[in-house]
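Novice: This is the structure I have questions about; it appears just below.
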Amino acid sequence: MVDEELKFFDKSIILQKKEELDSSFKIRSYKDKLKLMKQKRIPQKPIKEVIENLFLRNSLISKKTKNSISKVIYCQEDRIVIVVTKSGKDIIYNRDKLIQKYGWFFYIAKSEKKQKEKKKELKKEEQTISTETYQYDDNSIVIEEKLNMRSLYNTKEYFHYKKLMESNNTVQIPINDVLDDFFLKYNKIPHKEKKSIKKIIYYQEERVIVIKSLIGDIMYENLEEIVRNYGWYFYITGIPVGDSEISIAIDKIEKKYDETYFNEISLINSPAKSNNARITIYPIVLKPNHNCHILSLGNLNLLLDCGLTEPNEEEEIEGDLRHIEYYLQNLPEIINEEIRRKSENEIADIISIEENLENSIELKKSEKEKNNVISEPKIDAIFLSHSHYDHVSGLKELIRMYPEVPILCSRISLDLYLLRDSNFLKQESHEEIEEEEYRNVVRNVIYVENGIKLRFKERGCYLSFYHAGHMPGALMLLAKVKDFRFLYTGDYTYHDITPFAGTRRFLGQISRPIDYLLIDGTSANEDYGNLSDQFHSLILFLEQKAEYEDNVLIGADPSSLAITFMLTFWRYFRKLQLRKDFKKRPNIYVDMMVRKNIQVINHRYEYIYGPISNLIREKANPFNSIKFRWFDHEDLDFLRKKNNIIISHPPDLSYGIIRNIINVIGRNPHNLVFLAGSINEKPGEDLIQGSDEILFSETWKVPFRAFLINTFVPSLKIKLHADKNQLTEMVKTLEPKEVCFFHQSAKKLINIVDYVKELGVEKVSLPKKRRLSILN
């Protein structure tokens, strides 16, 4: 390790060389960028040249950030520069540019002063002393002895029982005697609960036994007696939620393309027309449950989502894919038709040399040249904003039609798409993805994440991506062509919704002004009020039911909303338990498909922005809580028990396991039901309208006597689509020149068009199905 002092702006900077770095610096984004640097053969510039250029000539990094840097640590072999600073956001935002310029990965660390203070506070590292197994029936339980207990276990409850043991001079029984007595003689804990224990960790000095188990209700009820009997405090927690098999299987498949794919692709045919790349948008479908647009950037045709109806010969459904083929086969004529329409209406002179275009077939070739349209247009790439069905339903068929087309999406979106759409979960082995059509999808993916830029051959032309909120992995797309900026939001939420960050955190990264904003209008005409207040109102109902040990059913769809509910409820009742010694903390049950989604989040946590990512990284994963339980059709015994919050889908109760659940929960007038999300079908619609029975079929009718929050508080709405208030914040922040909506019928958006104009937007429009709009 070598230290050297450098001076910039009358400020001394310590430059420290390290031969080897701790693995904690080698985060996943570093590994991706290191691979990229090697693939692109980006030269690694000398470190002193890098530092000098960064401080004296690099305008991307603010003077404030430069002045805050106290130390730079670098490792030549690993190509990492660790910048110790109090303020380094602009370094993170411009990390890709710095990599291209210098050939080094820039990692931001907190100021040295803070690091030293933190080190003082840190305890000694936890150490494993011994590992063995304990046999209980046919269950082998791992037993670990450790030193230096993690602070996670230093709860208020622990100190309460520690004080109890000390004041009563409770004898600490040897660990082996404790295990034998607990498993073989202590009959208050049922066999099923003991058998659910998978691991035990104990800390001799702190007198703590950590029980990792699937269930632990009776253990917790008898905790004080257990402490008095054995002289140990039992910290009862859950087992790890598990690895994501789908994520692991996807990572085994080699990709055809990488981030450099577009670097040599030109948007313009002729260099002489380098400032004349036409930008157009063509809506393929505009149904509320299907979404697909073609964005043309000069020569490049980019599909924005592919929520398409696939053809079905048996049901005589032609499908929507034919509209894409029509567009590609008739693109010059479609463009000319729009030009003529604009000319006839005297809206604008688009391009002077196109004013006198004729309709004759003989002029088609010359028209193609004038319109800067390539002779054989094709779909050049597909962007998936997120993995919900109404945005990805046509993907598999598209890859059959266009087997070489690149797909731009986040890692989480790809994982969740295959998890739901493929037959992976039905495979006997989960080592690999067996269906070739889905392997083809994975091969074509170019991963994009928040802040990533994909550059075209022309200077100042690129695609960039930003978190969209809404669900894990959701992204917005910004297309910049010279001075024109087009932003597609996909489905978004402006505010943070646990555990996913909303767009408000990232809008500052987006270059402005936005010339054309294509924005989700699903709930643009609704007003949810303050989202925190809505959650708080719901939780007050839940707390009351927990007090009386009644059951609650939350109908939630999609899985991301179920995850939001489970984490929000878990956090609230945990705080209530720790701060106010609340004894009736409910168990939270979710179905196995939600668990599979959670495993993906767990595996890809580095690509989720917010507290959940930090908790997983610090091994304080809330998903491992014993209060979370997983169920399927074969395990519904919990419905006979009290004080549970059950989260299942869909909210309209139209199919699936939720029918079995509502059949039990809905009969008891003391239970509570809340149907969250979109309710579009019976019997959910009937209940909202006041029905006192549920008709599942002609032969299956059940009474409904539970308390339905939706009818008692109709204003209580929690959805993962942005409402009018969030739309307002987006428009005010982005200051777009033109706004166009998608994902909602024009009839429902007429008033919103006028409202957005009042916000100061020059032009607000509603898209017309399969009618091209020229944007520049």
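Every chain in the structure tokens has a letter given in the order shown (A, B, ...), and although residue numbers restart at 1 in each chain, ligands are simply numbered from 1 in the order shown.
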Please identify all polymer residues within 6 Å of segment 669-672 of chain A, counting only C-alpha atoms, omitting same-chain residues fewer than 6 positions from it, and present them as number ranges by chain.
Specialist: A: 550-552, 705-707
Novice: From segment 328-548 of chain A, collect each residue whose DSSP state is strand (DSSP E or B) and return the set as an MDAnalysis selection string.
Specialist: chainID A and resid 381:383 407:409 445:447 453:455 461:467 475:481 484:488 497 500 516:520
Novice: Residues at most 6 Å from Ile239 of chain A, counting only C-alpha atoms, excluding those fewer than 2 positions away in the same chain, as a ChimeraX atom specification?
Specialist: /A:212-213,624
Novice: If we count only C-alpha atoms and set the cut-off at 8 Å, which residues sit around segment 19-24 of chain A, ignoring sequence neighbours fewer than 6 positions away in its own chain? Please answer as a list in words.
Specialist: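 Skipping anything fewer than 6 positions along the chain leaves Met1, Cys75, Gln76, Glu77 and Asp78 of chain A.
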Novice: For Glu144 of chain A, please output as a PyMOL selection string all residues within 9 Å (counting only C-alpha atoms; exclusion window: fewer than 4 positions along the same chain).
Specialist: chain A and resi 128-133+199-203
Novice: Write out as a PyMOL selection string the residues lying within 12 Å of Lys641 of chain A, counting only C-alpha atoms and excluding same-chain residues fewer than 6 positions away.
Specialist: chain A and resi 217+549-552+586-587+589+664-665
Novice: Those residues you just picked out, can you put them in a file as an mmCIF file, in the first residue's frame with N, CA and C atoms?
Specialist:
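Result went into result_28.cif, see below:
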```cif
data_model
loop_
_atom_site.group_PDB
_atom_site.id
_atom_site.type_symbol
_atom_site.label_atom_id
_atom_site.label_comp_id
_atom_site.auth_asym_id
_atom_site.auth_seq_id
_atom_site.Cartn_x
_atom_site.Cartn_y
_atom_site.Cartn_z
ATOM 1 N N ASP A 217 -45.236 -19.980 16.281
ATOM 2 C CA ASP A 217 -46.279 -19.303 17.063
ATOM 3 C C ASP A 217 -46.327 -19.793 18.507
ATOM 4 N N GLU A 549 -57.921 -10.570 17.243
ATOM 5 C CA GLU A 549 -57.464 -11.817 16.627
ATOM 6 C C GLU A 549 -58.415 -12.324 15.540
ATOM 7 N N ASP A 550 -58.981 -11.395 14.778
ATOM 8 C CA ASP A 550 -59.787 -11.760 13.616
ATOM 9 C C ASP A 550 -58.882 -11.879 12.395
ATOM 10 N N ASN A 551 -59.398 -12.457 11.333
ATOM 11 C CA ASN A 551 -58.626 -12.632 10.107
ATOM 12 C C ASN A 551 -58.937 -11.557 9.080
ATOM 13 N N VAL A 552 -57.951 -11.278 8.228
ATOM 14 C CA VAL A 552 -58.080 -10.249 7.195
ATOM 15 C C VAL A 552 -57.662 -10.858 5.856
ATOM 16 N N PRO A 586 -49.838 -10.160 13.901
ATOM 17 C CA PRO A 586 -50.414 -11.188 13.032
ATOM 18 C C PRO A 586 -49.372 -11.839 12.120
ATOM 19 N N ASN A 587 -49.652 -13.074 11.714
ATOM 20 C CA ASN A 587 -48.877 -13.714 10.655
ATOM 21 C C ASN A 587 -49.392 -13.215 9.312
ATOM 22 N N TYR A 589 -49.732 -14.202 5.397
ATOM 23 C CA TYR A 589 -49.695 -15.310 4.452
ATOM 24 C C TYR A 589 -49.785 -14.800 3.012
ATOM 25 N N VAL A 664 -64.048 -19.223 3.107
ATOM 26 C CA VAL A 664 -63.913 -19.375 4.562
ATOM 27 C C VAL A 664 -63.964 -18.008 5.252
ATOM 28 N N ILE A 665 -63.104 -17.088 4.802
ATOM 29 C CA ILE A 665 -62.986 -15.783 5.460
ATOM 30 C C ILE A 665 -64.269 -14.968 5.326
#
```
Novice: Would you mind listing what lies within 12 Å of Met219 of chain A as a PDB file with N, CA, C and O atoms, in the first residue's frame, with only C-alpha atoms counted and same-chain residues fewer than 5 positions away left out?
Specialist:
```pdb
ATOM      1  N   PHE A 182     -35.695 -29.679  25.069  1.00  0.00           N
ATOM      2  CA  PHE A 182     -36.643 -28.936  24.237  1.00  0.00           C
ATOM      3  C   PHE A 182     -37.299 -29.855  23.203  1.00  0.00           C
ATOM      4  O   PHE A 182     -38.524 -29.849  23.034  1.00  0.00           O
ATOM      5  N   PHE A 183     -36.504 -30.638  22.494  1.00  0.00           N
ATOM      6  CA  PHE A 183     -37.037 -31.453  21.408  1.00  0.00           C
ATOM      7  C   PHE A 183     -37.715 -32.739  21.907  1.00  0.00           C
ATOM      8  O   PHE A 183     -38.697 -33.193  21.312  1.00  0.00           O
ATOM      9  N   TYR A 186     -40.101 -31.265  26.138  1.00  0.00           N
ATOM     10  CA  TYR A 186     -40.954 -30.081  26.321  1.00  0.00           C
ATOM     11  C   TYR A 186     -42.178 -30.200  25.400  1.00  0.00           C
ATOM     12  O   TYR A 186     -42.115 -29.926  24.197  1.00  0.00           O
ATOM     13  N   ASN A 187     -43.309 -30.615  25.977  1.00  0.00           N
ATOM     14  CA  ASN A 187     -44.481 -31.002  25.185  1.00  0.00           C
ATOM     15  C   ASN A 187     -45.400 -29.840  24.805  1.00  0.00           C
ATOM     16  O   ASN A 187     -46.365 -30.048  24.063  1.00  0.00           O
ATOM     17  N   LYS A 188     -45.126 -28.663  25.302  1.00  0.00           N
ATOM     18  CA  LYS A 188     -46.000 -27.532  24.947  1.00  0.00           C
ATOM     19  C   LYS A 188     -45.824 -27.094  23.491  1.00  0.00           C
ATOM     20  O   LYS A 188     -46.689 -26.442  22.933  1.00  0.00           O
ATOM     21  N   ILE A 189     -44.675 -27.433  22.918  1.00  0.00           N
ATOM     22  CA  ILE A 189     -44.432 -27.087  21.510  1.00  0.00           C
ATOM     23  C   ILE A 189     -44.831 -28.282  20.653  1.00  0.00           C
ATOM     24  O   ILE A 189     -44.290 -29.385  20.836  1.00  0.00           O
ATOM     25  N   PRO A 190     -45.779 -28.116  19.734  1.00  0.00           N
ATOM     26  CA  PRO A 190     -46.241 -29.256  18.925  1.00  0.00           C
ATOM     27  C   PRO A 190     -45.136 -29.814  18.026  1.00  0.00           C
ATOM     28  O   PRO A 190     -44.200 -29.103  17.645  1.00  0.00           O
ATOM     29  N   HIS A 191     -45.286 -31.073  17.686  1.00  0.00           N
ATOM     30  CA  HIS A 191     -44.307 -31.774  16.848  1.00  0.00           C
ATOM     31  C   HIS A 191     -44.106 -31.050  15.512  1.00  0.00           C
ATOM     32  O   HIS A 191     -42.969 -30.915  15.039  1.00  0.00           O
ATOM     33  N   LYS A 192     -45.188 -30.582  14.917  1.00  0.00           N
ATOM     34  CA  LYS A 192     -45.102 -29.915  13.614  1.00  0.00           C
ATOM     35  C   LYS A 192     -44.216 -28.677  13.681  1.00  0.00           C
ATOM     36  O   LYS A 192     -43.428 -28.397  12.773  1.00  0.00           O
ATOM     37  N   GLU A 193     -44.316 -27.939  14.789  1.00  0.00           N
ATOM     38  CA  GLU A 193     -43.529 -26.712  14.937  1.00  0.00           C
ATOM     39  C   GLU A 193     -42.061 -27.031  15.167  1.00  0.00           C
ATOM     40  O   GLU A 193     -41.173 -26.373  14.611  1.00  0.00           O
ATOM     41  N   LYS A 194     -41.790 -28.062  15.965  1.00  0.00           N
ATOM     42  CA  LYS A 194     -40.395 -28.461  16.182  1.00  0.00           C
ATOM     43  C   LYS A 194     -39.765 -28.953  14.876  1.00  0.00           C
ATOM     44  O   LYS A 194     -38.601 -28.680  14.585  1.00  0.00           O
ATOM     45  N   SER A 196     -40.393 -27.979  11.961  1.00  0.00           N
ATOM     46  CA  SER A 196     -40.188 -26.888  11.001  1.00  0.00           C
ATOM     47  C   SER A 196     -38.884 -26.128  11.252  1.00  0.00           C
ATOM     48  O   SER A 196     -38.507 -25.259  10.464  1.00  0.00           O
ATOM     49  N   ILE A 197     -38.181 -26.433  12.363  1.00  0.00           N
ATOM     50  CA  ILE A 197     -36.910 -25.771  12.679  1.00  0.00           C
ATOM     51  C   ILE A 197     -35.820 -26.313  11.750  1.00  0.00           C
ATOM     52  O   ILE A 197     -35.605 -27.518  11.653  1.00  0.00           O
ATOM     53  N   ILE A 211     -33.406 -19.385  16.723  1.00  0.00           N
ATOM     54  CA  ILE A 211     -34.159 -20.486  16.114  1.00  0.00           C
ATOM     55  C   ILE A 211     -34.624 -20.043  14.730  1.00  0.00           C
ATOM     56  O   ILE A 211     -35.394 -19.091  14.611  1.00  0.00           O
ATOM     57  N   LYS A 212     -34.164 -20.717  13.686  1.00  0.00           N
ATOM     58  CA  LYS A 212     -34.604 -20.409  12.320  1.00  0.00           C
ATOM     59  C   LYS A 212     -35.601 -21.477  11.898  1.00  0.00           C
ATOM     60  O   LYS A 212     -35.238 -22.638  11.730  1.00  0.00           O
ATOM     61  N   SER A 213     -36.847 -21.043  11.742  1.00  0.00           N
ATOM     62  CA  SER A 213     -37.935 -22.005  11.584  1.00  0.00           C
ATOM     63  C   SER A 213     -38.996 -21.485  10.614  1.00  0.00           C
ATOM     64  O   SER A 213     -39.119 -20.269  10.398  1.00  0.00           O
ATOM     65  N   LEU A 214     -39.764 -22.397  10.038  1.00  0.00           N
ATOM     66  CA  LEU A 214     -40.871 -21.996   9.165  1.00  0.00           C
ATOM     67  C   LEU A 214     -42.042 -21.441   9.963  1.00  0.00           C
ATOM     68  O   LEU A 214     -42.730 -20.528   9.520  1.00  0.00           O
ATOM     69  N   GLU A 224     -41.480 -16.817  27.622  1.00  0.00           N
ATOM     70  CA  GLU A 224     -41.021 -16.513  28.978  1.00  0.00           C
ATOM     71  C   GLU A 224     -40.728 -17.792  29.756  1.00  0.00           C
ATOM     72  O   GLU A 224     -39.723 -17.885  30.474  1.00  0.00           O
ATOM     73  N   GLU A 225     -41.581 -18.788  29.616  1.00  0.00           N
ATOM     74  CA  GLU A 225     -41.357 -20.060  30.313  1.00  0.00           C
ATOM     75  C   GLU A 225     -40.081 -20.734  29.797  1.00  0.00           C
ATOM     76  O   GLU A 225     -39.312 -21.314  30.580  1.00  0.00           O
ATOM     77  N   ILE A 226     -39.847 -20.660  28.493  1.00  0.00           N
ATOM     78  CA  ILE A 226     -38.640 -21.247  27.903  1.00  0.00           C
ATOM     79  C   ILE A 226     -37.397 -20.573  28.474  1.00  0.00           C
ATOM     80  O   ILE A 226     -36.412 -21.238  28.832  1.00  0.00           O
ATOM     81  N   VAL A 227     -37.427 -19.239  28.588  1.00  0.00           N
ATOM     82  CA  VAL A 227     -36.291 -18.492  29.139  1.00  0.00           C
ATOM     83  C   VAL A 227     -36.038 -18.909  30.583  1.00  0.00           C
ATOM     84  O   VAL A 227     -34.887 -19.141  30.987  1.00  0.00           O
ATOM     85  N   TYR A 233     -32.221 -16.914  26.067  1.00  0.00           N
ATOM     86  CA  TYR A 233     -33.271 -16.194  25.322  1.00  0.00           C
ATOM     87  C   TYR A 233     -33.371 -16.805  23.927  1.00  0.00           C
ATOM     88  O   TYR A 233     -32.369 -16.973  23.236  1.00  0.00           O
ATOM     89  N   PHE A 234     -34.579 -17.182  23.510  1.00  0.00           N
ATOM     90  CA  PHE A 234     -34.809 -17.749  22.180  1.00  0.00           C
ATOM     91  C   PHE A 234     -35.241 -16.623  21.234  1.00  0.00           C
ATOM     92  O   PHE A 234     -36.318 -16.042  21.413  1.00  0.00           O
ATOM     93  N   TYR A 235     -34.371 -16.312  20.263  1.00  0.00           N
ATOM     94  CA  TYR A 235     -34.732 -15.352  19.205  1.00  0.00           C
ATOM     95  C   TYR A 235     -35.306 -16.173  18.049  1.00  0.00           C
ATOM     96  O   TYR A 235     -34.597 -16.921  17.387  1.00  0.00           O
ATOM     97  N   ILE A 236     -36.609 -16.041  17.812  1.00  0.00           N
ATOM     98  CA  ILE A 236     -37.303 -16.894  16.841  1.00  0.00           C
ATOM     99  C   ILE A 236     -37.457 -16.116  15.528  1.00  0.00           C
ATOM    100  O   ILE A 236     -38.090 -15.053  15.488  1.00  0.00           O
ATOM    101  N   THR A 237     -36.877 -16.654  14.491  1.00  0.00           N
ATOM    102  CA  THR A 237     -36.917 -15.969  13.197  1.00  0.00           C
ATOM    103  C   THR A 237     -37.185 -16.980  12.079  1.00  0.00           C
ATOM    104  O   THR A 237     -37.254 -18.192  12.332  1.00  0.00           O
ATOM    105  N   ILE A 626     -40.087 -14.770  10.244  1.00  0.00           N
ATOM    106  CA  ILE A 626     -40.957 -15.906  10.545  1.00  0.00           C
ATOM    107  C   ILE A 626     -42.425 -15.523  10.453  1.00  0.00           C
ATOM    108  O   ILE A 626     -43.313 -16.388  10.406  1.00  0.00           O
TER     109      ILE A 626
END
```
Novice: Run DSSP on the backbone of this structure and report the residues of segment 591-774 of chain A it assigns to helix (DSSP H, G or I), as an MDAnalysis selection string.
Specialist: chainID A and resid 592:603 605:607 611:617 622:624 637:640 658:665 684:688 709:712 724:734 746:758
Novice: With only C-alpha atoms as the basis for distance, which of A:Asp90, A:Asp258, A:Glu738, A:Glu205 is at the shortest distance from Lys146 of chain A?
Specialist: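 Of A:Asp90, A:Asp258, A:Glu738, A:Glu205, the one nearest Lys146 of chain A is A:Glu205, counting only C-alpha atoms.
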